[in-house]
file model-v4.txt (compact mmCIF, C-alpha atoms)
# COMPACT_ATOMS: atom_id res chain seq x y z
CA MET A 1 199.74 4.44 134.08
CA LYS A 2 200.35 2.53 137.31
CA VAL A 3 203.31 3.68 139.38
CA ALA A 4 204.85 2.58 142.67
CA VAL A 5 202.74 3.56 145.65
CA ASP A 6 203.78 6.85 147.23
CA ILE A 7 200.89 8.05 149.35
CA LYS A 8 202.49 11.39 150.19
CA ASP A 9 203.13 12.11 146.52
CA LEU A 10 199.52 11.28 145.64
CA GLU A 11 198.24 13.50 148.45
CA GLU A 12 200.43 16.33 147.18
CA LYS A 13 199.10 15.90 143.65
CA ALA A 14 195.54 16.04 145.01
CA ARG A 15 196.40 19.26 146.85
CA LEU A 16 197.77 20.83 143.66
CA ILE A 17 194.75 19.68 141.68
CA ARG A 18 192.46 21.38 144.21
CA ILE A 19 194.46 24.58 143.78
CA ASP A 20 194.14 24.32 139.99
CA ILE A 21 190.38 23.81 140.31
CA LEU A 22 189.87 26.86 142.50
CA LYS A 23 192.06 29.12 140.40
CA MET A 24 190.36 28.27 137.12
CA LEU A 25 186.86 28.52 138.59
CA THR A 26 187.58 31.92 140.11
CA LEU A 27 189.03 33.21 136.85
CA ALA A 28 186.04 31.89 134.90
CA GLY A 29 183.58 33.32 137.41
CA SER A 30 181.33 30.28 137.07
CA GLY A 31 181.38 26.52 137.43
CA HIS A 32 181.04 23.78 140.01
CA THR A 33 183.20 23.98 143.10
CA GLY A 34 181.83 21.48 145.62
CA GLY A 35 181.66 18.33 143.51
CA SER A 36 184.99 19.01 141.83
CA LEU A 37 186.74 19.21 145.20
CA SER A 38 184.94 16.20 146.70
CA ALA A 39 186.22 13.81 144.03
CA ALA A 40 189.76 15.20 143.76
CA ASP A 41 191.40 12.41 145.75
CA ILE A 42 189.60 9.71 143.76
CA VAL A 43 190.58 11.13 140.38
CA THR A 44 194.15 11.73 141.55
CA ALA A 45 194.45 8.05 142.51
CA LEU A 46 193.07 6.99 139.15
CA TYR A 47 195.37 9.13 137.00
CA PHE A 48 198.54 8.94 139.06
CA TYR A 49 198.36 5.44 140.50
CA LYS A 50 195.95 3.09 138.78
CA MET A 51 195.16 3.87 135.16
CA ARG A 52 197.38 3.22 132.16
CA TYR A 53 197.39 5.83 129.43
CA ASN A 54 199.70 7.77 127.14
CA PRO A 55 199.18 11.55 126.91
CA LYS A 56 201.31 11.61 123.75
CA ASP A 57 198.92 9.12 122.17
CA PRO A 58 195.44 9.78 123.64
CA SER A 59 193.88 7.18 121.33
CA TRP A 60 196.21 4.36 122.37
CA ARG A 61 194.01 1.26 122.11
CA GLU A 62 195.28 -0.41 125.29
CA ARG A 63 194.62 2.60 127.53
CA ASP A 64 192.25 2.47 130.46
CA ARG A 65 189.20 4.69 130.04
CA PHE A 66 187.86 7.26 132.53
CA ILE A 67 184.31 8.54 132.14
CA LEU A 68 183.25 11.55 134.18
CA SER A 69 179.54 10.82 134.23
CA LYS A 70 179.01 13.77 136.61
CA GLY A 71 180.22 16.06 133.86
CA HIS A 72 179.71 19.27 135.81
CA ALA A 73 182.91 18.39 137.71
CA ALA A 74 184.83 19.15 134.50
CA PRO A 75 187.39 21.42 136.26
CA LEU A 76 188.61 18.36 138.16
CA LEU A 77 189.07 16.37 134.96
CA TYR A 78 190.84 19.26 133.25
CA ALA A 79 193.23 19.73 136.18
CA ALA A 80 194.06 16.00 136.20
CA LEU A 81 194.58 15.85 132.42
CA SER A 82 196.82 18.91 132.55
CA ARG A 83 199.00 17.48 135.30
CA ALA A 84 199.09 14.13 133.50
CA GLY A 85 200.66 15.86 130.49
CA TYR A 86 197.78 16.04 128.02
CA PHE A 87 198.05 19.81 127.51
CA ASN A 88 199.83 22.95 128.72
CA PRO A 89 198.62 24.03 132.19
CA GLU A 90 198.27 27.59 130.86
CA LEU A 91 195.17 26.39 129.04
CA LEU A 92 193.39 26.01 132.39
CA LYS A 93 193.06 29.79 132.47
CA THR A 94 190.65 29.60 129.53
CA LEU A 95 187.95 27.57 131.31
CA ARG A 96 184.47 28.39 130.02
CA LYS A 97 185.75 31.10 127.68
CA ILE A 98 184.45 31.33 124.11
CA GLY A 99 186.57 29.21 121.80
CA SER A 100 188.28 27.32 124.61
CA PRO A 101 188.42 23.51 124.47
CA LEU A 102 187.77 23.60 128.22
CA GLN A 103 184.02 23.90 128.06
CA GLY A 104 181.70 23.91 131.07
CA HIS A 105 181.18 20.20 130.51
CA PRO A 106 183.75 17.89 128.89
CA SER A 107 183.70 17.58 125.12
CA ARG A 108 185.40 14.66 123.42
CA GLN A 109 185.56 16.64 120.18
CA SER A 110 187.40 19.52 121.82
CA LEU A 111 190.02 18.09 124.15
CA PRO A 112 192.42 15.11 123.93
CA GLY A 113 192.03 12.82 126.91
CA VAL A 114 188.27 13.28 127.24
CA GLU A 115 186.75 9.88 126.46
CA VAL A 116 183.08 10.87 126.43
CA SER A 117 181.18 14.16 126.21
CA THR A 118 179.18 14.28 129.44
CA GLY A 119 176.85 16.66 131.20
CA SER A 120 173.40 15.12 130.86
CA LEU A 121 173.36 13.20 134.12
CA GLY A 122 172.69 9.47 134.23
CA GLN A 123 174.26 8.48 130.93
CA GLY A 124 177.88 7.74 131.77
CA LEU A 125 177.47 4.19 133.03
CA SER A 126 175.58 3.18 129.89
CA VAL A 127 178.44 4.48 127.76
CA ALA A 128 180.92 2.69 130.03
CA ASN A 129 179.05 -0.56 129.36
CA GLY A 130 179.36 -0.07 125.62
CA ILE A 131 183.07 0.65 125.86
CA ALA A 132 183.64 -2.35 128.15
CA LEU A 133 181.77 -4.66 125.76
CA GLY A 134 183.76 -3.32 122.84
CA LEU A 135 187.05 -3.90 124.66
CA ARG A 136 186.00 -7.47 125.40
CA LEU A 137 185.09 -8.11 121.75
CA ASP A 138 188.45 -6.71 120.66
CA GLY A 139 190.34 -8.83 123.19
CA ILE A 140 191.78 -5.80 124.98
CA ASP A 141 192.24 -6.13 128.74
CA SER A 142 191.85 -2.42 129.50
CA ARG A 143 189.55 -1.25 132.27
CA VAL A 144 186.77 1.35 132.34
CA TYR A 145 186.29 3.65 135.32
CA CYS A 146 183.09 5.67 135.63
CA LEU A 147 182.64 8.39 138.26
CA LEU A 148 179.05 8.96 139.34
CA GLY A 149 177.49 11.55 141.62
CA ASP A 150 175.25 10.37 144.43
CA GLY A 151 172.55 12.78 143.27
CA GLU A 152 173.07 11.54 139.73
CA ILE A 153 172.18 7.97 140.66
CA GLN A 154 168.61 9.12 141.24
CA GLU A 155 168.39 8.77 137.45
CA GLY A 156 166.70 5.56 136.34
CA GLN A 157 169.13 5.01 133.49
CA ILE A 158 171.88 4.37 136.03
CA TRP A 159 170.01 1.33 137.33
CA GLU A 160 169.23 0.07 133.84
CA ALA A 161 172.94 0.30 133.12
CA SER A 162 173.82 -1.44 136.38
CA MET A 163 171.59 -4.37 135.39
CA THR A 164 173.26 -4.51 131.98
CA ALA A 165 176.78 -4.55 133.41
CA ALA A 166 175.93 -7.38 135.78
CA HIS A 167 174.03 -9.35 133.11
CA TYR A 168 177.05 -9.31 130.79
CA HIS A 169 179.51 -9.95 133.63
CA LEU A 170 181.48 -6.81 132.82
CA ASP A 171 184.32 -7.27 135.27
CA ASN A 172 186.35 -4.68 133.36
CA ILE A 173 184.07 -1.92 134.69
CA CYS A 174 184.55 -0.11 137.97
CA ALA A 175 181.92 2.47 138.90
CA ILE A 176 182.79 4.95 141.64
CA VAL A 177 180.09 6.86 143.52
CA ASP A 178 181.16 10.26 144.87
CA ASN A 179 178.90 9.91 147.90
CA ASN A 180 179.10 13.45 149.30
CA GLY A 181 175.45 13.67 150.37
CA LEU A 182 174.61 16.94 148.62
CA GLN A 183 173.20 17.94 145.25
CA ILE A 184 172.18 21.27 143.77
CA ASP A 185 168.74 21.31 145.44
CA GLY A 186 169.91 20.20 148.88
CA PRO A 187 170.74 17.00 150.79
CA VAL A 188 170.38 13.90 148.63
CA LYS A 189 168.37 12.15 151.35
CA GLU A 190 165.77 14.94 151.21
CA VAL A 191 165.62 15.45 147.42
CA MET A 192 165.38 11.73 146.59
CA ARG A 193 166.85 9.22 149.00
CA VAL A 194 169.24 6.74 147.39
CA ASP A 195 170.29 4.75 150.46
CA PRO A 196 171.04 1.99 151.23
CA LEU A 197 173.64 2.03 148.47
CA PRO A 198 175.59 -1.16 149.30
CA GLN A 199 172.43 -3.26 149.44
CA LYS A 200 171.06 -1.77 146.22
CA TRP A 201 174.20 -2.32 144.16
CA ASN A 202 174.58 -5.80 145.63
CA ALA A 203 171.00 -6.64 144.63
CA PHE A 204 171.84 -5.57 141.08
CA GLY A 205 174.72 -8.07 140.99
CA TRP A 206 177.76 -5.88 141.68
CA HIS A 207 180.76 -6.41 143.92
CA ILE A 208 180.67 -3.70 146.60
CA ILE A 209 183.59 -1.81 148.13
CA GLU A 210 183.08 1.04 150.59
CA THR A 211 185.90 3.46 151.30
CA ASP A 212 186.80 6.84 152.72
CA GLY A 213 187.01 8.91 149.56
CA HIS A 214 189.63 11.20 151.10
CA ASN A 215 191.97 8.55 152.49
CA MET A 216 194.47 7.92 149.72
CA GLY A 217 195.59 4.60 151.17
CA GLU A 218 192.02 3.32 151.30
CA ILE A 219 191.28 4.57 147.79
CA ILE A 220 194.19 2.77 146.15
CA THR A 221 193.43 -0.39 148.14
CA ALA A 222 189.86 -0.25 146.84
CA LEU A 223 191.06 0.25 143.26
CA ASP A 224 193.44 -2.69 143.60
CA GLU A 225 190.67 -4.92 144.96
CA ALA A 226 188.33 -3.93 142.13
CA GLU A 227 190.90 -5.12 139.59
CA THR A 228 190.93 -8.61 141.11
CA ILE A 229 187.17 -9.22 140.89
CA LYS A 230 186.14 -11.57 138.11
CA GLY A 231 182.70 -12.32 136.69
CA LYS A 232 180.93 -9.20 137.89
CA PRO A 233 181.35 -5.41 137.83
CA THR A 234 182.58 -3.53 140.89
CA VAL A 235 181.29 -0.34 142.47
CA ILE A 236 183.34 1.68 144.93
CA ILE A 237 181.12 3.72 147.22
CA ALA A 238 183.43 6.56 148.23
CA HIS A 239 182.23 8.49 151.26
CA THR A 240 183.26 12.08 150.62
CA VAL A 241 182.67 15.66 151.74
CA LYS A 242 181.34 18.26 149.34
CA GLY A 243 183.96 21.00 148.92
CA LYS A 244 186.67 18.93 150.62
CA GLY A 245 189.94 20.73 151.28
CA VAL A 246 188.61 24.19 152.07
CA SER A 247 186.90 24.52 155.43
CA PHE A 248 184.33 27.14 154.41
CA PHE A 249 183.28 25.17 151.33
CA GLU A 250 182.98 21.81 153.07
CA GLY A 251 179.45 20.50 153.45
CA ARG A 252 177.95 23.68 151.97
CA VAL A 253 175.28 22.96 149.36
CA GLU A 254 175.38 26.54 148.07
CA TYR A 255 178.85 25.89 146.63
CA HIS A 256 177.59 23.11 144.38
CA GLY A 257 177.40 25.31 141.32
CA ILE A 258 179.06 28.65 142.06
CA ALA A 259 182.67 29.74 141.71
CA PRO A 260 184.75 31.25 144.52
CA THR A 261 185.12 35.00 144.73
CA GLN A 262 188.62 36.46 144.61
CA GLU A 263 188.53 36.94 148.37
CA GLU A 264 187.41 33.35 148.89
CA LEU A 265 190.17 32.15 146.56
CA THR A 266 192.80 33.96 148.60
CA ARG A 267 191.53 32.38 151.81
CA ALA A 268 191.23 28.95 150.18
CA LEU A 269 194.76 29.03 148.77
CA LYS A 270 196.10 29.90 152.19
CA GLU A 271 194.32 26.86 153.67
CA LEU A 272 195.76 24.71 150.88
CA GLY A 273 199.25 25.95 151.58
CA GLU A 274 199.73 28.33 148.67
CA VAL A 275 200.08 32.09 149.02
CA GLN A 276 198.77 34.01 146.03
CA HIS A 277 201.04 36.78 144.79
CA GLY A 278 200.19 39.87 142.79

call {"tool": "encode", "arguments": {"input": "model-v4.txt", "output": "structure tokens"}}
result
Amino acid sequence: MKVAVDIKDLEEKARLIRIDILKMLTLAGSGHTGGSLSAADIVTALYFYKMRYNPKDPSWRERDRFILSKGHAAPLLYAALSRAGYFNPELLKTLRKIGSPLQGHPSRQSLPGVEVSTGSLGQGLSVANGIALGLRLDGIDSRVYCLLGDGEIQEGQIWEASMTAAHYHLDNICAIVDNNGLQIDGPVKEVMRVDPLPQKWNAFGWHIIETDGHNMGEIITALDEAETIKGKPTVIIAHTVKGKGVSFFEGRVEYHGIAPTQEELTRALKELGEVQHG
């Protein structure tokens, strides 16, 4: 659903999505804070600038597809889907509760708008390849966007999938790496170094774009460029900050997989420009 560029409006949507993420995580008492916040600007640009979709018809054949390969960032996807009109925002309050369609990791069977059930890291790009090939065979010009974590790309299957996408010249795929430098066990460069990313993806036959993953103007420019590339897949390496938007979460590995406390939520909402009442 591509709309006219309004950077301020996109930045405001990203701010509101961050607020949604923090509120639902705090209420649930569990979930992944850091990696949901780090990719908020990227996902906002996808859903409210670049992608075409119809929330009233989630199975519309001509829609673009978004695959959250780093499935633990589910709160981000849920917040975006809610604000895009897929379901009532009140449902966000049920995150991780028994019987809720908002599970800890996205489930295609449970929630309209979720393209692929994800959570087992390393698999999303392979699924994206299959979808992209299917779209080509059906003569549909839709695009497939796949968000990867930088820790996730330590998985060998990612590189098998990257070879496949290049081999079949899947120019309808755009992978995006949330390159925030941290994973659950610590800095990515210490757990299992993945640099140099541009050279690696280039060697696998991809078109490379590097961008500031928190600069909305740069993000939409990167997405526009990716759409013009023919004959090869594109990867956007988005340089981001874990926990972006809340000063005391930023760059803190311990907030990879824990939810804010009520006190932390109050402080965070104040930083994000919302005062919590009651």

call {"tool": "atom_distance", "arguments": {"input": "model-v4.txt", "atom1": "atom CA of Phe204 of chain A", "atom2": "atom CA of Ala166 of chain A"}}
result
6.9 Å

call {"tool": "closest_residue", "arguments": {"input": "model-v4.txt", "among": "A:Ser126, A:Thr118, A:Gln262, A:Asn215", "to": "Gly71 of chain A", "atoms": "all atoms listed in the file"}}
result
A:Thr118

call {"tool": "residues_around", "arguments": {"input": "model-v4.txt", "residues": "Gly217 of chain A", "least_positions_apart": "4", "cutoff": "9 Å", "atoms": "all atoms listed in the file", "output": "PyMOL selection string"}}
result
chain A and resi 7+221-222

call {"tool": "closest_atom_pairs", "arguments": {"input": "model-v4.txt", "of": "segment 76-173 of chain A", "to": "segment 196-203 of chain A", "cutoff": "10 Å", "atoms": "all atoms listed in the file", "output": "Markdown table"}}
result
| residue | atom | partner | partner_atom | distance |
| --- | --- | --- | --- | --- |
| A:Asp150 | CA | A:Leu197 | CA | 9.4 |
| A:Ile153 | CA | A:Leu197 | CA | 9.9 |
| A:Trp159 | CA | A:Trp201 | CA | 8.8 |
| A:Ser162 | CA | A:Trp201 | CA | 7.8 |
| A:Met163 | CA | A:Trp201 | CA | 9.4 |
| A:Ala166 | CA | A:Trp201 | CA | 9.9 |

call {"tool": "residues_around", "arguments": {"input": "model-v4.txt", "residues": "Ser38 of chain A", "least_positions_apart": "3", "cutoff": "8 Å", "atoms": "only C-alpha atoms", "output": "ChimeraX atom specification"}}
result
/A:34-35,41,178,180,240-244

call {"tool": "residues_around", "arguments": {"input": "model-v4.txt", "residues": "Ile173 of chain A", "least_positions_apart": "6", "cutoff": "8 Å", "atoms": "all atoms listed in the file", "output": "VMD selection string"}}
result
chain A and resid 128 to 129 132 143 to 146 165 233 to 234

call {"tool": "residues_around", "arguments": {"input": "model-v4.txt", "residues": "Arg65 of chain A", "least_positions_apart": "3", "cutoff": "12 Å", "atoms": "all atoms listed in the file", "output": "PDB file with C-alpha atoms, in the coordinates of the input"}}
result
ATOM      1  CA  MET A   1     199.740   4.440 134.080  1.00  0.00           C
ATOM      2  CA  LEU A  46     193.070   6.990 139.150  1.00  0.00           C
ATOM      3  CA  TYR A  47     195.370   9.130 137.000  1.00  0.00           C
ATOM      4  CA  LYS A  50     195.950   3.090 138.780  1.00  0.00           C
ATOM      5  CA  MET A  51     195.160   3.870 135.160  1.00  0.00           C
ATOM      6  CA  ARG A  52     197.380   3.220 132.160  1.00  0.00           C
ATOM      7  CA  TYR A  53     197.390   5.830 129.430  1.00  0.00           C
ATOM      8  CA  ASN A  54     199.700   7.770 127.140  1.00  0.00           C
ATOM      9  CA  PRO A  58     195.440   9.780 123.640  1.00  0.00           C
ATOM     10  CA  SER A  59     193.880   7.180 121.330  1.00  0.00           C
ATOM     11  CA  TRP A  60     196.210   4.360 122.370  1.00  0.00           C
ATOM     12  CA  ARG A  61     194.010   1.260 122.110  1.00  0.00           C
ATOM     13  CA  GLU A  62     195.280  -0.410 125.290  1.00  0.00           C
ATOM     14  CA  LEU A  68     183.250  11.550 134.180  1.00  0.00           C
ATOM     15  CA  GLY A 113     192.030  12.820 126.910  1.00  0.00           C
ATOM     16  CA  VAL A 114     188.270  13.280 127.240  1.00  0.00           C
ATOM     17  CA  GLU A 115     186.750   9.880 126.460  1.00  0.00           C
ATOM     18  CA  VAL A 116     183.080  10.870 126.430  1.00  0.00           C
ATOM     19  CA  GLY A 124     177.880   7.740 131.770  1.00  0.00           C
ATOM     20  CA  VAL A 127     178.440   4.480 127.760  1.00  0.00           C
ATOM     21  CA  ALA A 128     180.920   2.690 130.030  1.00  0.00           C
ATOM     22  CA  ASN A 129     179.050  -0.560 129.360  1.00  0.00           C
ATOM     23  CA  GLY A 130     179.360  -0.070 125.620  1.00  0.00           C
ATOM     24  CA  ILE A 131     183.070   0.650 125.860  1.00  0.00           C
ATOM     25  CA  ALA A 132     183.640  -2.350 128.150  1.00  0.00           C
ATOM     26  CA  LEU A 135     187.050  -3.900 124.660  1.00  0.00           C
ATOM     27  CA  ILE A 140     191.780  -5.800 124.980  1.00  0.00           C
ATOM     28  CA  ASP A 141     192.240  -6.130 128.740  1.00  0.00           C
ATOM     29  CA  SER A 142     191.850  -2.420 129.500  1.00  0.00           C
ATOM     30  CA  ARG A 143     189.550  -1.250 132.270  1.00  0.00           C
ATOM     31  CA  VAL A 144     186.770   1.350 132.340  1.00  0.00           C
ATOM     32  CA  TYR A 145     186.290   3.650 135.320  1.00  0.00           C
ATOM     33  CA  CYS A 146     183.090   5.670 135.630  1.00  0.00           C
ATOM     34  CA  LEU A 147     182.640   8.390 138.260  1.00  0.00           C
ATOM     35  CA  ASN A 172     186.350  -4.680 133.360  1.00  0.00           C
ATOM     36  CA  ILE A 173     184.070  -1.920 134.690  1.00  0.00           C
ATOM     37  CA  CYS A 174     184.550  -0.110 137.970  1.00  0.00           C
ATOM     38  CA  ALA A 175     181.920   2.470 138.900  1.00  0.00           C
TER      39      ALA A 175
END

call {"tool": "closest_residue", "arguments": {"input": "model-v4.txt", "among": "A:Ala28, A:Ile21, A:Ile42, A:Ile237", "to": "Pro75 of chain A", "atoms": "only C-alpha atoms"}}
result
A:Ile21

call {"tool": "atom_distance", "arguments": {"input": "model-v4.txt", "atom1": "atom CA of Ala73 of chain A", "atom2": "atom CA of Arg136 of chain A"}}
result
28.8 Å

call {"tool": "atom_distance", "arguments": {"input": "model-v4.txt", "atom1": "atom CA of Ile19 of chain A", "atom2": "atom CA of Ile258 of chain A"}}
result
16.0 Å

call {"tool": "closest_residue", "arguments": {"input": "model-v4.txt", "among": "A:Ile176, A:Ala79, A:Ser107, A:Gly186", "to": "Leu22 of chain A", "atoms": "all atoms listed in the file"}}
result
A:Ala79

call {"tool": "closest_residue", "arguments": {"input": "model-v4.txt", "among": "A:Phe87, A:Tyr255, A:Tyr168, A:Phe248", "to": "Leu25 of chain A", "atoms": "all atoms listed in the file"}}
result
A:Tyr255

call {"tool": "closest_residue", "arguments": {"input": "model-v4.txt", "among": "A:Asp212, A:Glu12, A:Asp20, A:Glu271", "to": "Val177 of chain A", "atoms": "only C-alpha atoms"}}
result
A:Asp212

call {"tool": "closest_residue", "arguments": {"input": "model-v4.txt", "among": "A:Leu81, A:Leu111, A:Pro89, A:Thr211", "to": "Lys23 of chain A", "atoms": "only C-alpha atoms"}}
result
A:Pro89

call {"tool": "residues_around", "arguments": {"input": "model-v4.txt", "residues": "Arg18 of chain A", "least_positions_apart": "4", "cutoff": "7 Å", "atoms": "all atoms listed in the file", "output": "list in words"}}
result
Ala14, Leu22, Leu37 and Ala40 of chain A

call {"tool": "decode", "arguments": {"input": "model-v4.txt", "residues": "segment 41-64 of chain A", "atoms": "N, CA and C atoms", "output": "PDB file, in the first residue's frame"}}
result
ATOM      1  N   ASP A  41      11.379   1.265  12.745  1.00  0.00           N
ATOM      2  CA  ASP A  41      11.355   2.223  11.638  1.00  0.00           C
ATOM      3  C   ASP A  41      11.291   1.499  10.293  1.00  0.00           C
ATOM      4  N   ILE A  42      12.002   0.391  10.195  1.00  0.00           N
ATOM      5  CA  ILE A  42      11.999  -0.395   8.957  1.00  0.00           C
ATOM      6  C   ILE A  42      10.599  -0.921   8.655  1.00  0.00           C
ATOM      7  N   VAL A  43       9.982  -1.539   9.638  1.00  0.00           N
ATOM      8  CA  VAL A  43       8.662  -2.139   9.425  1.00  0.00           C
ATOM      9  C   VAL A  43       7.611  -1.062   9.188  1.00  0.00           C
ATOM     10  N   THR A  44       7.746   0.079   9.852  1.00  0.00           N
ATOM     11  CA  THR A  44       6.832   1.196   9.593  1.00  0.00           C
ATOM     12  C   THR A  44       6.914   1.621   8.134  1.00  0.00           C
ATOM     13  N   ALA A  45       8.131   1.767   7.612  1.00  0.00           N
ATOM     14  CA  ALA A  45       8.302   2.171   6.214  1.00  0.00           C
ATOM     15  C   ALA A  45       7.699   1.144   5.254  1.00  0.00           C
ATOM     16  N   LEU A  46       7.840  -0.129   5.590  1.00  0.00           N
ATOM     17  CA  LEU A  46       7.274  -1.161   4.735  1.00  0.00           C
ATOM     18  C   LEU A  46       5.751  -1.092   4.699  1.00  0.00           C
ATOM     19  N   TYR A  47       5.122  -1.031   5.863  1.00  0.00           N
ATOM     20  CA  TYR A  47       3.662  -1.115   5.922  1.00  0.00           C
ATOM     21  C   TYR A  47       2.961   0.194   5.570  1.00  0.00           C
ATOM     22  N   PHE A  48       3.623   1.324   5.782  1.00  0.00           N
ATOM     23  CA  PHE A  48       2.925   2.588   5.589  1.00  0.00           C
ATOM     24  C   PHE A  48       3.518   3.448   4.480  1.00  0.00           C
ATOM     25  N   TYR A  49       4.466   2.881   3.745  1.00  0.00           N
ATOM     26  CA  TYR A  49       4.986   3.562   2.567  1.00  0.00           C
ATOM     27  C   TYR A  49       5.074   2.609   1.363  1.00  0.00           C
ATOM     28  N   LYS A  50       5.741   1.484   1.547  1.00  0.00           N
ATOM     29  CA  LYS A  50       6.143   0.692   0.385  1.00  0.00           C
ATOM     30  C   LYS A  50       5.179  -0.414  -0.016  1.00  0.00           C
ATOM     31  N   MET A  51       4.745  -1.228   0.901  1.00  0.00           N
ATOM     32  CA  MET A  51       4.031  -2.448   0.517  1.00  0.00           C
ATOM     33  C   MET A  51       2.585  -2.175   0.112  1.00  0.00           C
ATOM     34  N   ARG A  52       2.088  -3.029  -0.784  1.00  0.00           N
ATOM     35  CA  ARG A  52       0.672  -2.992  -1.150  1.00  0.00           C
ATOM     36  C   ARG A  52      -0.009  -4.188  -0.517  1.00  0.00           C
ATOM     37  N   TYR A  53      -1.159  -3.938   0.082  1.00  0.00           N
ATOM     38  CA  TYR A  53      -1.903  -4.985   0.779  1.00  0.00           C
ATOM     39  C   TYR A  53      -3.320  -4.495   1.014  1.00  0.00           C
ATOM     40  N   ASN A  54      -4.170  -5.381   1.460  1.00  0.00           N
ATOM     41  CA  ASN A  54      -5.561  -5.031   1.733  1.00  0.00           C
ATOM     42  C   ASN A  54      -5.988  -5.728   3.020  1.00  0.00           C
ATOM     43  N   PRO A  55      -6.049  -5.005   4.137  1.00  0.00           N
ATOM     44  CA  PRO A  55      -6.405  -5.641   5.412  1.00  0.00           C
ATOM     45  C   PRO A  55      -7.813  -6.260   5.409  1.00  0.00           C
ATOM     46  N   LYS A  56      -8.673  -5.800   4.515  1.00  0.00           N
ATOM     47  CA  LYS A  56     -10.012  -6.386   4.413  1.00  0.00           C
ATOM     48  C   LYS A  56      -9.997  -7.686   3.612  1.00  0.00           C
ATOM     49  N   ASP A  57      -8.904  -7.907   2.908  1.00  0.00           N
ATOM     50  CA  ASP A  57      -8.740  -9.135   2.124  1.00  0.00           C
ATOM     51  C   ASP A  57      -7.289  -9.595   2.268  1.00  0.00           C
ATOM     52  N   PRO A  58      -6.947 -10.181   3.439  1.00  0.00           N
ATOM     53  CA  PRO A  58      -5.555 -10.553   3.705  1.00  0.00           C
ATOM     54  C   PRO A  58      -4.963 -11.527   2.696  1.00  0.00           C
ATOM     55  N   SER A  59      -5.802 -12.258   1.984  1.00  0.00           N
ATOM     56  CA  SER A  59      -5.313 -13.235   1.006  1.00  0.00           C
ATOM     57  C   SER A  59      -5.299 -12.699  -0.425  1.00  0.00           C
ATOM     58  N   TRP A  60      -5.474 -11.406  -0.595  1.00  0.00           N
ATOM     59  CA  TRP A  60      -5.427 -10.787  -1.911  1.00  0.00           C
ATOM     60  C   TRP A  60      -4.180 -11.234  -2.662  1.00  0.00           C
ATOM     61  N   ARG A  61      -4.333 -11.821  -3.823  1.00  0.00           N
ATOM     62  CA  ARG A  61      -3.222 -12.457  -4.543  1.00  0.00           C
ATOM     63  C   ARG A  61      -2.121 -11.476  -4.924  1.00  0.00           C
ATOM     64  N   GLU A  62      -2.483 -10.240  -5.231  1.00  0.00           N
ATOM     65  CA  GLU A  62      -1.498  -9.266  -5.709  1.00  0.00           C
ATOM     66  C   GLU A  62      -0.786  -8.521  -4.577  1.00  0.00           C
ATOM     67  N   ARG A  63      -1.010  -8.927  -3.339  1.00  0.00           N
ATOM     68  CA  ARG A  63      -0.374  -8.216  -2.221  1.00  0.00           C
ATOM     69  C   ARG A  63       1.134  -8.470  -2.202  1.00  0.00           C
ATOM     70  N   ASP A  64       1.870  -7.537  -1.634  1.00  0.00           N
ATOM     71  CA  ASP A  64       3.260  -7.800  -1.293  1.00  0.00           C
ATOM     72  C   ASP A  64       3.286  -8.634  -0.020  1.00  0.00           C
TER      73      ASP A  64
END
